[in-house]
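**Q** The file below is entry-v8.cif, mmCIF, C-alpha atoms and all ligand atoms:
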```
data_my_file
#
loop_
_atom_site.label_atom_id
_atom_site.label_comp_id
_atom_site.auth_asym_id
_atom_site.auth_seq_id
_atom_site.Cartn_x
_atom_site.Cartn_y
_atom_site.Cartn_z
CA SER J 816 -13.87 -49.14 -18.85
CA ALA J 817 -16.04 -46.27 -20.04
CA ALA J 818 -15.61 -44.41 -16.74
CA ALA J 819 -11.82 -44.46 -17.00
CA ALA J 820 -11.96 -42.95 -20.49
CA THR J 821 -13.95 -39.89 -19.34
CA PRO J 822 -11.47 -37.01 -18.89
CA ALA J 823 -11.46 -35.42 -15.44
CA PRO J 824 -12.98 -31.91 -15.45
CA LYS J 825 -10.26 -29.28 -15.85
CA VAL J 826 -9.67 -27.45 -12.58
CA ASN J 827 -7.29 -24.49 -12.76
CA PRO J 828 -5.36 -24.57 -9.47
CA ASN J 829 -4.44 -20.88 -9.95
CA ALA J 830 -8.02 -19.68 -10.51
CA PRO J 831 -9.08 -16.90 -8.14
CA THR J 832 -11.25 -17.78 -5.16
CA GLU J 833 -14.61 -16.15 -4.46
CA GLU J 834 -14.56 -14.12 -1.23
CA THR J 835 -17.26 -12.24 0.67
CA VAL J 836 -17.24 -8.48 1.26
CA LEU J 837 -17.39 -7.80 5.02
CA SER J 838 -17.35 -4.00 5.16
CA VAL J 839 -17.01 -0.94 2.93
CA GLU J 840 -16.06 2.61 3.89
CA HIS J 841 -16.10 5.55 1.49
CA TYR J 842 -13.77 8.47 2.19
CA THR J 843 -14.31 10.77 -0.79
CA ASP J 844 -15.92 10.52 -4.21
CA ARG J 845 -12.52 9.17 -5.39
CA LEU J 846 -11.46 6.81 -2.58
CA PHE J 847 -12.81 3.92 -0.50
CA ARG J 848 -11.67 0.88 1.42
CA PHE J 849 -13.21 -2.57 1.81
CA ARG J 850 -12.55 -5.74 3.76
CA ILE J 851 -13.13 -9.30 2.56
CA THR J 852 -12.89 -12.82 3.94
CA ARG J 853 -9.44 -14.43 3.88
CA PRO J 854 -9.16 -18.08 2.92
CA ARG J 855 -7.24 -20.12 5.49
CA SER J 856 -4.76 -21.16 2.81
CA PHE J 857 -4.03 -17.55 1.71
CA ARG J 858 -0.52 -16.59 2.82
CA PHE J 859 1.32 -13.37 2.03
CA ARG J 860 4.07 -11.13 3.33
CA THR J 861 3.08 -7.79 4.82
CA GLY J 862 3.40 -5.16 2.03
CA GLU J 863 2.65 -7.47 -0.93
CA PHE J 864 -0.02 -7.10 -3.63
CA VAL J 865 -2.45 -9.56 -5.20
CA MET J 866 -4.93 -9.68 -8.08
CA ILE J 867 -8.53 -8.93 -7.13
CA GLY J 868 -11.63 -8.31 -9.19
CA LEU J 869 -15.12 -9.20 -10.33
CA PRO J 870 -16.53 -11.55 -12.96
CA LYS J 871 -17.23 -9.94 -16.35
CA GLU J 872 -20.56 -10.33 -18.10
CA ASP J 873 -19.20 -13.37 -19.94
CA GLY J 874 -18.27 -14.91 -16.57
CA LYS J 875 -14.51 -14.55 -17.06
CA PRO J 876 -12.63 -12.76 -14.26
CA LEU J 877 -11.66 -9.08 -14.60
CA LEU J 878 -8.68 -8.67 -12.27
CA ARG J 879 -6.34 -5.84 -11.24
CA ALA J 880 -3.33 -5.75 -8.94
CA TYR J 881 -4.07 -4.32 -5.49
CA SER J 882 -1.77 -3.85 -2.52
CA ILE J 883 -3.05 -5.68 0.53
CA ALA J 884 -3.60 -2.93 3.12
CA SER J 885 -4.00 -5.28 6.08
CA PRO J 886 -1.04 -6.97 7.80
CA ALA J 887 -0.15 -10.64 7.37
CA TRP J 888 -1.55 -11.60 10.80
CA ASP J 889 -5.07 -10.24 10.11
CA GLU J 890 -7.95 -12.73 9.72
CA GLU J 891 -9.52 -10.51 7.04
CA LEU J 892 -8.04 -8.80 3.97
CA GLU J 893 -8.30 -5.03 3.50
CA PHE J 894 -7.92 -3.03 0.28
CA TYR J 895 -7.81 0.70 -0.43
CA SER J 896 -9.06 1.73 -3.83
CA ILE J 897 -9.57 4.61 -6.15
CA LYS J 898 -12.92 4.99 -7.98
CA VAL J 899 -12.48 5.70 -11.65
CA PRO J 900 -15.87 6.57 -13.22
CA ASP J 901 -15.02 4.81 -16.49
CA GLY J 902 -12.50 2.36 -15.04
CA PRO J 903 -13.35 -1.19 -16.17
CA LEU J 904 -13.03 -2.60 -12.65
CA THR J 905 -13.37 0.29 -10.19
CA SER J 906 -16.51 1.71 -11.83
CA ARG J 907 -18.20 -1.52 -10.64
CA LEU J 908 -16.09 -2.28 -7.57
CA GLN J 909 -17.02 1.05 -5.98
CA SER J 910 -20.63 -0.10 -5.50
CA ILE J 911 -19.87 -3.38 -3.68
CA GLN J 912 -21.84 -3.97 -0.45
CA PRO J 913 -21.28 -6.33 2.50
CA GLY J 914 -22.30 -9.83 1.44
CA ASP J 915 -21.25 -9.32 -2.21
CA LYS J 916 -18.58 -11.55 -3.77
CA VAL J 917 -15.18 -10.45 -5.06
CA LEU J 918 -12.47 -12.54 -6.71
CA LEU J 919 -9.12 -13.00 -4.96
CA GLY J 920 -6.01 -14.23 -6.78
CA LYS J 921 -3.81 -16.92 -5.27
CA LYS J 922 -0.33 -15.51 -5.82
CA PRO J 923 0.52 -12.47 -3.72
CA THR J 924 3.90 -10.92 -4.54
CA GLY J 925 5.82 -7.65 -4.37
CA THR J 926 8.94 -5.75 -3.35
CA LEU J 927 7.65 -3.48 -0.58
CA VAL J 928 8.59 -6.06 2.02
CA LEU J 929 10.92 -5.79 4.99
CA ASP J 930 13.15 -8.59 3.66
CA ALA J 931 14.04 -6.56 0.53
CA LEU J 932 15.86 -3.99 2.68
CA THR J 933 19.16 -4.33 4.50
CA PRO J 934 19.04 -3.53 8.25
CA GLY J 935 18.93 0.15 9.23
CA LYS J 936 17.78 2.52 11.97
CA ARG J 937 15.13 4.65 10.28
CA LEU J 938 12.53 3.45 7.77
CA TYR J 939 10.86 5.95 5.44
CA MET J 940 7.70 5.01 3.56
CA PHE J 941 6.98 7.62 0.87
CA SER J 942 3.46 7.52 -0.60
CA THR J 943 1.05 9.52 -2.72
CA GLY J 944 -2.65 8.80 -3.24
CA THR J 945 -3.55 5.09 -3.00
CA GLY J 946 0.18 4.37 -2.74
CA PHE J 947 -0.39 4.49 1.01
CA ALA J 948 -2.05 1.02 0.91
CA PRO J 949 1.03 -1.23 1.33
CA PHE J 950 2.18 1.01 4.19
CA ALA J 951 -1.20 0.57 5.90
CA SER J 952 -0.17 -3.10 6.01
CA LEU J 953 3.42 -2.53 7.16
CA ILE J 954 2.64 -0.07 9.98
CA ARG J 955 0.24 -2.64 11.49
CA ASP J 956 2.92 -5.35 11.60
CA PRO J 957 4.96 -5.61 14.82
CA GLU J 958 7.99 -6.75 12.82
CA THR J 959 8.32 -3.28 11.28
CA TYR J 960 8.95 -1.88 14.76
CA GLU J 961 11.22 -4.76 15.76
CA ARG J 962 13.50 -3.90 12.84
CA TYR J 963 13.59 -0.08 13.07
CA ASP J 964 14.01 2.56 15.77
CA GLU J 965 11.97 5.05 13.78
CA VAL J 966 9.23 4.55 11.16
CA ILE J 967 8.27 7.63 9.12
CA VAL J 968 5.32 7.39 6.73
CA THR J 969 4.67 10.27 4.37
CA HIS J 970 1.37 10.65 2.54
CA THR J 971 0.78 13.41 -0.01
CA CYS J 972 -2.56 13.93 -1.73
CA ARG J 973 -4.25 16.55 -3.81
CA ASP J 974 -6.61 17.59 -1.00
CA ASN J 975 -7.29 17.11 2.72
CA GLY J 976 -10.19 14.67 2.34
CA GLU J 977 -7.85 12.18 0.67
CA LEU J 978 -5.71 12.02 3.82
CA ALA J 979 -8.55 10.56 5.93
CA TYR J 980 -7.56 6.91 5.52
CA SER J 981 -3.93 7.36 6.59
CA THR J 982 -4.74 9.87 9.33
CA ASN J 983 -7.46 7.69 10.91
CA LEU J 984 -5.38 4.56 10.64
CA VAL J 985 -2.32 6.03 12.35
CA ARG J 986 -4.54 7.57 15.06
CA ASP J 987 -6.12 4.14 15.71
CA ILE J 988 -2.76 2.38 15.83
CA ALA J 989 -1.99 4.18 19.10
CA ASN J 990 -4.76 2.12 20.77
CA ASP J 991 -4.19 -1.09 18.86
CA PRO J 992 -3.63 -4.04 21.24
CA LEU J 993 -0.96 -5.60 19.02
CA VAL J 994 1.11 -2.65 17.76
CA GLY J 995 -0.03 0.26 19.95
CA GLU J 996 2.76 -0.08 22.48
CA ILE J 997 5.58 -1.19 20.19
CA SER J 998 4.86 1.66 17.72
CA ASN J 999 4.59 4.28 20.45
CA GLY J 1000 7.23 6.98 19.90
CA LYS J 1001 8.51 5.20 16.75
CA LEU J 1002 5.74 5.77 14.20
CA LYS J 1003 5.33 9.22 12.64
CA LEU J 1004 2.90 10.21 9.90
CA PHE J 1005 3.85 13.22 7.80
CA THR J 1006 1.09 14.53 5.53
CA SER J 1007 1.05 17.19 2.85
CA CYS J 1008 -1.41 18.47 0.25
CA THR J 1009 -0.72 19.98 -3.13
CA ARG J 1010 -4.05 21.53 -4.13
CA THR J 1011 -5.93 22.62 -0.98
CA PRO J 1012 -4.69 24.45 2.12
CA HIS J 1013 -2.93 22.20 4.64
CA PRO J 1014 -0.33 22.90 7.37
CA THR J 1015 2.30 21.46 5.00
CA MET J 1016 1.89 22.19 1.31
CA GLY J 1017 3.81 20.67 -1.57
CA ARG J 1018 4.95 17.53 -3.31
CA ILE J 1019 7.10 15.12 -1.28
CA THR J 1020 9.89 15.51 -3.85
CA THR J 1021 10.03 19.27 -3.19
CA LEU J 1022 9.89 18.75 0.56
CA ILE J 1023 12.84 16.32 0.37
CA GLU J 1024 14.85 18.60 -1.94
CA THR J 1025 14.35 21.71 0.19
CA GLY J 1026 14.97 19.73 3.40
CA LYS J 1027 11.60 20.86 4.82
CA LEU J 1028 10.61 17.26 5.47
CA PHE J 1029 13.62 16.60 7.68
CA GLU J 1030 13.25 19.95 9.47
CA ALA J 1031 9.60 19.23 10.23
CA LEU J 1032 10.46 15.77 11.57
CA GLY J 1033 13.54 16.90 13.46
CA VAL J 1034 15.74 14.26 11.82
CA PRO J 1035 19.04 14.50 9.93
CA LYS J 1036 19.11 14.41 6.12
CA LEU J 1037 19.00 11.07 4.32
CA ASP J 1038 21.98 8.86 5.08
CA PRO J 1039 22.57 5.43 3.51
CA ALA J 1040 24.30 4.31 6.71
CA THR J 1041 21.11 4.60 8.77
CA ASP J 1042 18.13 5.21 6.49
CA ARG J 1043 15.99 2.81 4.44
CA ALA J 1044 13.08 3.73 2.18
CA MET J 1045 10.03 2.28 0.47
CA ILE J 1046 8.31 4.25 -2.30
CA CYS J 1047 4.76 3.82 -3.62
CA GLY J 1048 2.81 6.18 -5.87
CA SER J 1049 2.30 7.00 -9.53
CA MET J 1050 4.96 6.00 -12.06
CA GLU J 1051 6.24 9.60 -12.21
CA MET J 1052 6.29 9.96 -8.43
CA ILE J 1053 8.28 6.73 -8.04
CA GLN J 1054 10.84 7.80 -10.64
CA ASP J 1055 11.26 11.24 -9.07
CA VAL J 1056 11.59 9.99 -5.49
CA LYS J 1057 13.89 7.17 -6.65
CA ALA J 1058 16.20 9.76 -8.27
CA LEU J 1059 16.37 11.62 -4.96
CA MET J 1060 17.24 8.43 -3.07
CA ILE J 1061 20.06 7.70 -5.53
CA ALA J 1062 21.26 11.31 -5.30
CA ASN J 1063 21.47 10.81 -1.52
CA GLY J 1064 23.58 7.66 -1.89
CA LEU J 1065 20.92 4.96 -1.37
CA THR J 1066 20.91 1.85 -3.60
CA GLU J 1067 17.80 0.10 -4.92
CA GLY J 1068 17.08 -3.36 -3.50
CA SER J 1069 14.88 -6.33 -4.40
CA ASN J 1070 13.76 -9.63 -2.93
CA SER J 1071 16.82 -11.39 -4.34
CA ALA J 1072 19.28 -8.57 -3.57
CA PRO J 1073 18.21 -6.53 -0.52
CA ALA J 1074 19.56 -2.97 -0.37
CA GLU J 1075 18.61 0.48 0.89
CA PHE J 1076 15.35 1.36 -0.89
CA VAL J 1077 12.56 -0.40 -2.81
CA ILE J 1078 9.82 0.83 -5.13
CA GLU J 1079 6.39 -0.22 -6.38
CA LYS J 1080 3.76 1.40 -8.56
CA ALA J 1081 0.46 2.20 -6.87
CA PHE J 1082 -2.20 0.24 -8.72
CA ALA J 1083 -5.36 1.86 -10.02
CA GLY J 1084 -7.85 1.59 -12.84
P1 LIG L 1101 0.06 17.46 -7.79
O1 LIG L 1101 -1.23 17.92 -7.18
O2 LIG L 1101 1.09 18.55 -7.85
O3 LIG L 1101 -0.11 16.73 -9.09
P2 LIG L 1101 -2.67 11.70 -7.90
O4 LIG L 1101 -3.95 11.72 -7.09
O5 LIG L 1101 -2.76 12.39 -9.22
O6 LIG L 1101 -2.07 10.32 -7.99
O7 LIG L 1101 -1.62 12.56 -7.07
C1 LIG L 1101 -1.37 12.31 -5.72
C2 LIG L 1101 -0.35 13.29 -5.22
O8 LIG L 1101 0.93 13.01 -5.83
C3 LIG L 1101 -0.68 14.74 -5.57
O9 LIG L 1101 -0.47 15.52 -4.41
C4 LIG L 1101 0.31 15.06 -6.67
O10 LIG L 1101 0.71 16.42 -6.74
C5 LIG L 1101 1.50 14.21 -6.29
N1 LIG L 1101 2.40 13.93 -7.41
C6 LIG L 1101 2.07 13.75 -8.71
N2 LIG L 1101 3.16 13.53 -9.47
C7 LIG L 1101 4.22 13.57 -8.64
C8 LIG L 1101 5.63 13.42 -8.84
N3 LIG L 1101 6.16 13.18 -10.04
N4 LIG L 1101 6.42 13.53 -7.75
C9 LIG L 1101 5.91 13.78 -6.53
N5 LIG L 1101 4.59 13.94 -6.29
C10 LIG L 1101 3.74 13.84 -7.32
#
```
Could you render the structure as structure tokens?

**A**
Amino acid sequence: SAAAATPAPKVNPNAPTEETVLSVEHYTDRLFRFRITRPRSFRFRTGEFVMIGLPKEDGKPLLRAYSIASPAWDEELEFYSIKVPDGPLTSRLQSIQPGDKVLLGKKPTGTLVLDALTPGKRLYMFSTGTGFAPFASLIRDPETYERYDEVIVTHTCRDNGELAYSTNLVRDIANDPLVGEISNGKLKLFTSCTRTPHPTMGRITTLIETGKLFEALGVPKLDPATDRAMICGSMEMIQDVKALMIANGLTEGSNSAPAEFVIEKAFAG
């Protein structure tokens, strides 16, 4: 019949879904966070990233990879973003308001997940700038504390104002009904700045090399027998911290071959 000959409309099963912005918080002229609705079918592992974006003028999606900053149990999805004045996506994304729509990809993935590490006693999460985002997810997941005796997150930024997101989040975790108790005494945030005065100055690489990080935390130096690490920052930062991990005897892991540290580039643009 004529009806049977009409081709079914093409539906791309991998096309992003349209989600609603629930809240937006600006920290500095360079950084903000926002929360969006989470489709019931959207599953991910704490620490993973996903494509998000906005439609272009021609209606096609403009998408970038973003770490999901909320944990897997959360009913909403949170993202932490840089604002690049001439960035194709963030120049527009920075002006989103509650009620606006954003596009959410369907295939979260990534290596900053607990399953990519072999068991250990102490978990380090080394971050710079927006590289803190996947760790915002992991430190809100009870499983992180079930697997490790000690969880040390480091966040280094150019200036103090850029530490607001991590500092507020870790402060609030103490009173969180789900992870407040389990993280108590285990979670430590170590912050440093490189361009404005701060109690601890300097790049994380320097602080590892000089041993100042371990002194400040009151922990022994890196040991592959006990310590695991996740690294997230700029390409250069990842390479430099990775070299230090290797120099200290740690081996890089992945989803298919878990080992002692894992890396991922912080997304921006
Ligand atoms: P610096 O101020 O010395 O460049 P950005 O905002 O540019 O991504 O930088 C975030 C933080 O990461 C800054 O404090 C910066 O220090 C630091 N950083 C940049 N490159 C490296 C690197 N290769 N290793 C360690 N830290 C780095």

**Q** Within 7 Å of ligand LIG 1101 (chain L) (counting only C-alpha atoms and all ligand atoms), which residues show up? I'd like them as a list in words.

**A** Thr943, Gly944, Thr971, Cys972, Arg973, Cys1008, Thr1009, Arg1010, Arg1018, Ile1019, Thr1020, Gly1048, Ser1049, Glu1051, Met1052, Asp1055 and Val1056 of chain J

**Q** Can you pull out every residue within 12 Å of Ile1061 (chain J), counting all atoms listed in the file, but drop anything in the same chain fewer than 5 positions away, and send it as an mmCIF file with C-alpha atoms, keeping the file's coordinate frame?

**A**
```
data_model
loop_
_atom_site.group_PDB
_atom_site.id
_atom_site.type_symbol
_atom_site.label_atom_id
_atom_site.label_comp_id
_atom_site.auth_asym_id
_atom_site.auth_seq_id
_atom_site.Cartn_x
_atom_site.Cartn_y
_atom_site.Cartn_z
ATOM 1 C CA LEU J 1037 19.000 11.070 4.320
ATOM 2 C CA ASP J 1038 21.980 8.860 5.080
ATOM 3 C CA PRO J 1039 22.570 5.430 3.510
ATOM 4 C CA ARG J 1043 15.990 2.810 4.440
ATOM 5 C CA ALA J 1044 13.080 3.730 2.180
ATOM 6 C CA GLN J 1054 10.840 7.800 -10.640
ATOM 7 C CA ASP J 1055 11.260 11.240 -9.070
ATOM 8 C CA VAL J 1056 11.590 9.990 -5.490
ATOM 9 C CA THR J 1066 20.910 1.850 -3.600
ATOM 10 C CA GLU J 1067 17.800 0.100 -4.920
ATOM 11 C CA GLY J 1068 17.080 -3.360 -3.500
ATOM 12 C CA ALA J 1074 19.560 -2.970 -0.370
ATOM 13 C CA GLU J 1075 18.610 0.480 0.890
ATOM 14 C CA PHE J 1076 15.350 1.360 -0.890
ATOM 15 C CA VAL J 1077 12.560 -0.400 -2.810
#
```

**Q** Hey, can you check how far CA of Gly995 (chain J) sits from CA of Gly862 (chain J)?

**A**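 For CA of Gly995 (chain J) relative to CA of Gly862 (chain J), the distance reads 19.0 Å.
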
**Q** How many Å separate CA of Gly920 (chain J) from CA of Asn829 (chain J)?

**A**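 These atoms are spaced 7.5 Å apart.
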
**Q** Could you tell me how far CA of Glu965 (chain J) lies from CA of Lys1001 (chain J), in Å and to one decimal?

**A**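 Separation between CA of Glu965 (chain J) and CA of Lys1001 (chain J): 4.6 Å.
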
**Q** Compile the contact shell of region 830-843 of chain J as a list in words: residues with an atom at most 8 Å away, counting all atoms listed in the file, same-chain residues fewer than 4 positions apart removed.

**A** Phe847, Arg848, Phe849, Arg850, Ile851, Thr852, Arg853, Pro854, Ile911, Gln912, Pro913, Gly914, Asp915, Lys916, Val917, Leu918, Leu919, Gly920, Lys921, Gly976, Glu977, Ala979 and Tyr980 of chain J

**Q** Hey, which of J:Met1045, J:Leu1022, J:Val1034, J:Leu1065 ends up closest to Asp930 (chain J)? Count all atoms listed in the file.

**A** J:Met1045

**Q** I want to know what sits within 7 Å of Gly935 (chain J), based on only C-alpha atoms, with residues of the same chain fewer than 4 positions away left out; could you give that as number ranges by chain?

**A** J: 963, 1041-1043
